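Written below as structure tokens is the structure these notes are about.
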Amino acid sequence: MFTRHTLALFGLLAFASSVHAQYNYSKDISRIFQAKCQQCHREGDVAPFALDSYATAVAWSEDIKNAVSQKRMPPWKPVDGYNSFRDAWGLNDEERSMVVNWVDAGMPEGDPADLPEPLPNTGEWALGDPDMIVKMPIEFAVPARKDTYRCFVIPTSLAADQFLSAIQYLPGNRQVVHHVIAYVDKTGASAKYDGKDGSPGYDCFGGPGDGVAEDATSMLGGWAPGVRARFLPDGIAMKLPKGSKIVLQVHYFANGKKDQTDQTKVGLYYSKNSVNKLLAFLPILNTGFKLKPGEENAEVTAQFAIPPFYDATVILVAPHMHLLGKQIKLEKIGIDKKVDPLIYINDWNFSWQGFYTLETPMPLPALSQLKVTCNFDNSDKNPKNPNNPLKTVGWGEGTEDEMCVGFVGVVFDRQGLPFVSKRTR
């Protein structure tokens, strides 16, 4: 039987433990916000408020608690255990508990002297001032129809080759820009399309045009909602040959919005270190699927075979689906049939996409396979389903069409790779 003194001792120990476990803003919570939240919650970025002061954190505390406890924020989509990525901004269970407990404890401030040094104010350019900024030649009057694909040709006027370690895309009008993909035109082929209809650029539904993107190193990545700019690992870059042009393929989805304009711009960051590998993008995709009305978990797959002698290493991955997307998984299948996970997202959200750089690059030997598996919900249970009444949906460039794509950024021992793809349904 416990004595009164024993119970009192337990009470003191419990009180001491609770005091020790109490977190404050200056020493604890500010560091979590800085590491995991401020890349979006900063002035001029996509978040509705800058989470960089105690006063702001208190003002939004209940919203922060709800979003964190429900795992809606931060919007880090890769599932733990299926790979690890550089610059990950997801919260672990301990960090979530710290934030929730801090709010429940009345949001103690602590000593402001314990605050970390503030992050540098980089303005609209998250990575700091670019070495070169290029933009569409004029503001484009976006048609009010649902989908418009327009390519804009931008001369670089480079007198010598440059190598890019990062690119940041800044849509001029996020209300109507669905996504942006950039290509290097190394041959000048875009000139035969540019301005032929009397306006800068040219319509490019389906691709940038014959001869514009000649190989797997011609793609310069892109932007979709949620994408954050990141530097490539040292020694890896994308090449801009002297005199080349950048072709921006911009997908607009105005859907009846009138009098919309856009002038997207791009910040280019030159590599400051020696470059020994060029990044190439491999699209693993299925273009032949059909999603029947009412299907709640339709599965679509595609595989890509690495040809003989084209040994490679996976550097980054970028999964992509549209509004019916539910889950997406990218895997490497070895010659011995061993499966290594590249990325798995089990709650796809079109508004939060990304280019994810592997913490440890993955060898991709010749004759191995890359596989993408996409699951879709084409039922009325999907609140994001754009079709009422429901209809059969297949591959397409439109917002209300669907895609099953995994872009895989690799470096090769030899440059150039023929596209060999096998699709299944």
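All residue names refer to the structure tokens as shown: chains lettered A, B, ... in order, residues numbered from 1 in each chain, ligands numbered from 1 in order.
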So that each row is one residue of stretch 265-311 of chain A with an atom at most 10 Å from stretch 322-340 of chain A, can you give its shortest atom pair and the distance in Å to one decimal, using only C-alpha atoms, rows by chain and rising number, as a tab-separated table?
```
residue	atom	partner	partner_atom	distance
A:Ile284	CA	A:Leu330	CA	9.1
A:Leu291	CA	A:Leu324	CA	9.4
A:Glu296	CA	A:Lys326	CA	9.1
A:Asn297	CA	A:Lys326	CA	7.8
A:Ala298	CA	A:Lys326	CA	9.3
A:Glu299	CA	A:Gln327	CA	9.3
A:Val300	CA	A:Ile328	CA	9.5
A:Thr301	CA	A:Lys329	CA	9.5
A:Ala302	CA	A:Leu330	CA	9.8
A:Gln303	CA	A:Glu331	CA	9.4
A:Phe304	CA	A:Lys332	CA	9.7
A:Ala305	CA	A:Ile333	CA	9.6
```
Pull the closest atom pair for each residue of stretch 359-414 of chain A that gets at most 10 Å from stretch 132-155 of chain A, along with the distance in Å to one decimal, counting only C-alpha atoms, ordering rows by chain and then ascending residue number, as a tab-separated table.
```
residue	atom	partner	partner_atom	distance
A:Glu397	CA	A:Asp147	CA	8.4
A:Gly398	CA	A:Asp147	CA	5.9
A:Thr399	CA	A:Asp147	CA	7.0
A:Glu400	CA	A:Lys146	CA	9.0
```
Please, could you write that set of residues out with N, CA and C atoms as a PDB file, in the first residue's frame?
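Here's the written file part-v5.pdb:
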```pdb
ATOM      1  N   GLU A 397      -4.492  15.533 -72.269  1.00  0.00           N
ATOM      2  CA  GLU A 397      -3.771  16.734 -71.851  1.00  0.00           C
ATOM      3  C   GLU A 397      -4.652  17.702 -71.065  1.00  0.00           C
ATOM      4  N   GLY A 398      -5.979  17.528 -71.138  1.00  0.00           N
ATOM      5  CA  GLY A 398      -6.885  18.438 -70.460  1.00  0.00           C
ATOM      6  C   GLY A 398      -6.947  18.198 -68.962  1.00  0.00           C
ATOM      7  N   THR A 399      -7.357  19.222 -68.230  1.00  0.00           N
ATOM      8  CA  THR A 399      -7.450  19.118 -66.776  1.00  0.00           C
ATOM      9  C   THR A 399      -8.433  18.031 -66.359  1.00  0.00           C
ATOM     10  N   GLU A 400      -9.520  17.872 -67.111  1.00  0.00           N
ATOM     11  CA  GLU A 400     -10.545  16.890 -66.763  1.00  0.00           C
ATOM     12  C   GLU A 400     -10.261  15.523 -67.372  1.00  0.00           C
TER      13      GLU A 400
END
```
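Counting only C-alpha atoms and comparing A:Asp413, A:Asp185, A:Asp197, A:Glu62, the residue that lies closest to A:Leu220 is A:Asp185.
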Counting only C-alpha atoms, which residue out of A:Pro78, A:Pro386, A:Pro116, A:Gly188 sits closest to A:Glu214?
A:Gly188
Under the rule that only C-alpha atoms are counted, which of A:Ile306, A:Val227, A:Ala160, A:Val266 is the nearest residue to A:Ser244?
A:Ala160
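Among A:Gln369, A:Gln249, A:Thr56, A:Asn378, the residue with the shortest atom-to-atom distance to A:Pro308, counting only C-alpha atoms, is A:Gln369.
Proximity ranking of A:Asp262, A:Asp234, A:Glu359, A:Asp347 relative to A:Leu279 places A:Asp234 first, based on only C-alpha atoms.
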For the structure I just gave you, how does DSSP split stretch 101-252 of chain A - specifically, which residues are strand (DSSP E)? Reply as JSON, numbers by chain.
{"A": [132, 133, 134, 135, 140, 141, 142, 148, 149, 150, 151, 152, 153, 154, 155, 162, 163, 164, 165, 166, 167, 168, 169, 170, 177, 178, 179, 180, 181, 182, 183, 184, 185, 202, 203, 219, 220, 221, 222, 223, 236, 237, 238, 239, 240, 245, 246, 247, 248, 249, 250, 251, 252]}
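Here atom CA of A:Ala191 is placed at a distance of 15.2 Å from atom CA of A:Gly207.
Of the residues under consideration (A:Glu117, A:Ala88, A:Lys71, A:Ala47), A:Glu117 shows the shortest atom-to-atom contact distance to A:Ser26 when counting only C-alpha atoms.
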What is the atom CA of A:Ala366-atom CA of A:Ala280 distance in Å, reported with one decimal?
15.4 Å
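The interatomic distance for the pair atom CA of A:Trp89 and atom CA of A:Leu119 works out to 15.5 Å.
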Skip A:Ile181 itself and residues of its chain fewer than 5 positions away, then list as a short mmCIF file (atom, residue, chain, number, x, y, z; two decimals) with C-alpha atoms, in the first residue's frame all residues within 8 Å of it, counting only C-alpha atoms.
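Generated file (part05.cif):
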```cif
data_model
loop_
_atom_site.label_atom_id
_atom_site.label_comp_id
_atom_site.auth_asym_id
_atom_site.auth_seq_id
_atom_site.Cartn_x
_atom_site.Cartn_y
_atom_site.Cartn_z
CA MET A 219 13.55 18.81 -70.43
CA LEU A 220 14.30 21.39 -67.72
CA GLY A 221 11.73 20.19 -65.21
CA GLY A 222 8.69 22.32 -64.53
CA TRP A 223 6.11 23.63 -62.13
CA LEU A 248 7.96 27.26 -71.95
CA GLN A 249 4.94 25.04 -72.44
CA VAL A 250 2.22 26.55 -70.25
#
```
Spatial neighbours of A:Asn101, max dist 12 Å, only C-alpha atoms, sep filter under 6 positions, as a tab-separated table (two decimals) with N, CA and C atoms, in the first residue's frame:
```tsv
chain	number	residue	atom	x	y	z
A	18	SER	N	6.06	17.10	-16.12
A	18	SER	CA	5.21	17.92	-16.98
A	18	SER	C	5.88	19.26	-17.26
A	21	ALA	N	8.55	18.75	-19.79
A	21	ALA	CA	8.05	18.45	-21.13
A	21	ALA	C	7.35	19.63	-21.78
A	22	GLN	N	7.18	20.74	-21.04
A	22	GLN	CA	6.49	21.89	-21.61
A	22	GLN	C	7.40	22.58	-22.62
A	23	TYR	N	6.83	22.86	-23.78
A	23	TYR	CA	7.60	23.47	-24.85
A	23	TYR	C	7.24	24.95	-24.96
A	24	ASN	N	8.19	25.73	-25.41
A	24	ASN	CA	7.89	27.14	-25.65
A	24	ASN	C	8.25	27.52	-27.08
A	25	TYR	N	7.76	28.66	-27.49
A	25	TYR	CA	7.95	29.10	-28.88
A	25	TYR	C	9.42	29.38	-29.19
A	28	ASP	N	11.69	25.97	-28.91
A	28	ASP	CA	11.27	24.72	-29.54
A	28	ASP	C	10.45	24.92	-30.82
A	29	ILE	N	9.31	25.58	-30.69
A	29	ILE	CA	8.33	25.61	-31.77
A	29	ILE	C	8.83	26.44	-32.95
A	61	SER	N	-2.97	30.01	-33.99
A	61	SER	CA	-2.65	28.80	-33.22
A	61	SER	C	-3.68	27.68	-33.37
A	62	GLU	N	-4.98	28.00	-33.31
A	62	GLU	CA	-5.99	26.94	-33.41
A	62	GLU	C	-5.99	26.32	-34.80
A	64	ILE	N	-3.40	26.20	-36.77
A	64	ILE	CA	-2.17	25.41	-36.84
A	64	ILE	C	-2.36	24.07	-36.15
A	65	LYS	N	-2.95	24.10	-34.97
A	65	LYS	CA	-3.17	22.85	-34.22
A	65	LYS	C	-4.03	21.88	-35.02
A	66	ASN	N	-5.13	22.37	-35.58
A	66	ASN	CA	-6.02	21.49	-36.34
A	66	ASN	C	-5.32	20.92	-37.57
A	68	VAL	N	-2.11	20.55	-38.16
A	68	VAL	CA	-1.02	19.66	-37.79
A	68	VAL	C	-1.54	18.34	-37.25
A	69	SER	N	-2.52	18.39	-36.37
A	69	SER	CA	-3.04	17.16	-35.77
A	69	SER	C	-3.76	16.29	-36.79
A	94	GLU	N	6.72	13.11	-33.10
A	94	GLU	CA	7.18	13.89	-31.96
A	94	GLU	C	6.98	15.39	-32.22
A	95	GLU	N	7.29	15.83	-33.42
A	95	GLU	CA	7.14	17.25	-33.75
A	95	GLU	C	5.67	17.66	-33.75
A	107	MET	N	0.41	28.32	-25.33
A	107	MET	CA	1.37	28.95	-26.23
A	107	MET	C	2.43	29.79	-25.51
A	108	PRO	N	3.13	29.20	-24.54
A	108	PRO	CA	4.18	29.97	-23.84
A	108	PRO	C	5.25	30.46	-24.82
```
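For stretch 38-108 of chain A, a DSSP pass over the backbone yields alpha helix (DSSP H) at Tyr54, Ala55, Thr56, Ala57, Val58, Ala59, Ser61, Glu62, Asp63, Ile64, Lys65, Asn66, Ala67, Val68, Ser69, Asp93, Glu94, Glu95, Arg96, Ser97, Met98, Val99, Val100, Asn101, Trp102, Val103 and Asp104 of chain A.
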Write the residues of the preceding selection, restricted to C-alpha atoms, as a short mmCIF file (atom, residue, chain, number, x, y, z; two decimals), in the first residue's frame.
```
data_model
loop_
_atom_site.label_atom_id
_atom_site.label_comp_id
_atom_site.auth_asym_id
_atom_site.auth_seq_id
_atom_site.Cartn_x
_atom_site.Cartn_y
_atom_site.Cartn_z
CA TYR A 54 5.42 34.61 -32.08
CA ALA A 55 2.49 37.01 -32.59
CA THR A 56 1.52 35.36 -35.89
CA ALA A 57 1.86 31.88 -34.42
CA VAL A 58 -0.48 32.81 -31.56
CA ALA A 59 -3.00 34.45 -33.89
CA SER A 61 -2.65 28.80 -33.22
CA GLU A 62 -5.99 26.94 -33.41
CA ASP A 63 -5.75 26.61 -37.20
CA ILE A 64 -2.17 25.41 -36.84
CA LYS A 65 -3.17 22.85 -34.22
CA ASN A 66 -6.02 21.49 -36.34
CA ALA A 67 -3.97 21.31 -39.54
CA VAL A 68 -1.02 19.66 -37.79
CA SER A 69 -3.04 17.16 -35.77
CA ASP A 93 5.01 12.25 -34.62
CA GLU A 94 7.18 13.89 -31.96
CA GLU A 95 7.14 17.25 -33.75
CA ARG A 96 3.38 17.11 -34.24
CA SER A 97 2.91 16.33 -30.56
CA MET A 98 5.16 19.23 -29.60
CA VAL A 99 3.13 21.72 -31.64
CA VAL A 100 -0.22 20.43 -30.33
CA ASN A 101 0.97 20.36 -26.71
CA TRP A 102 2.36 23.89 -27.05
CA VAL A 103 -1.03 25.20 -28.20
CA ASP A 104 -2.86 23.28 -25.47
#
```
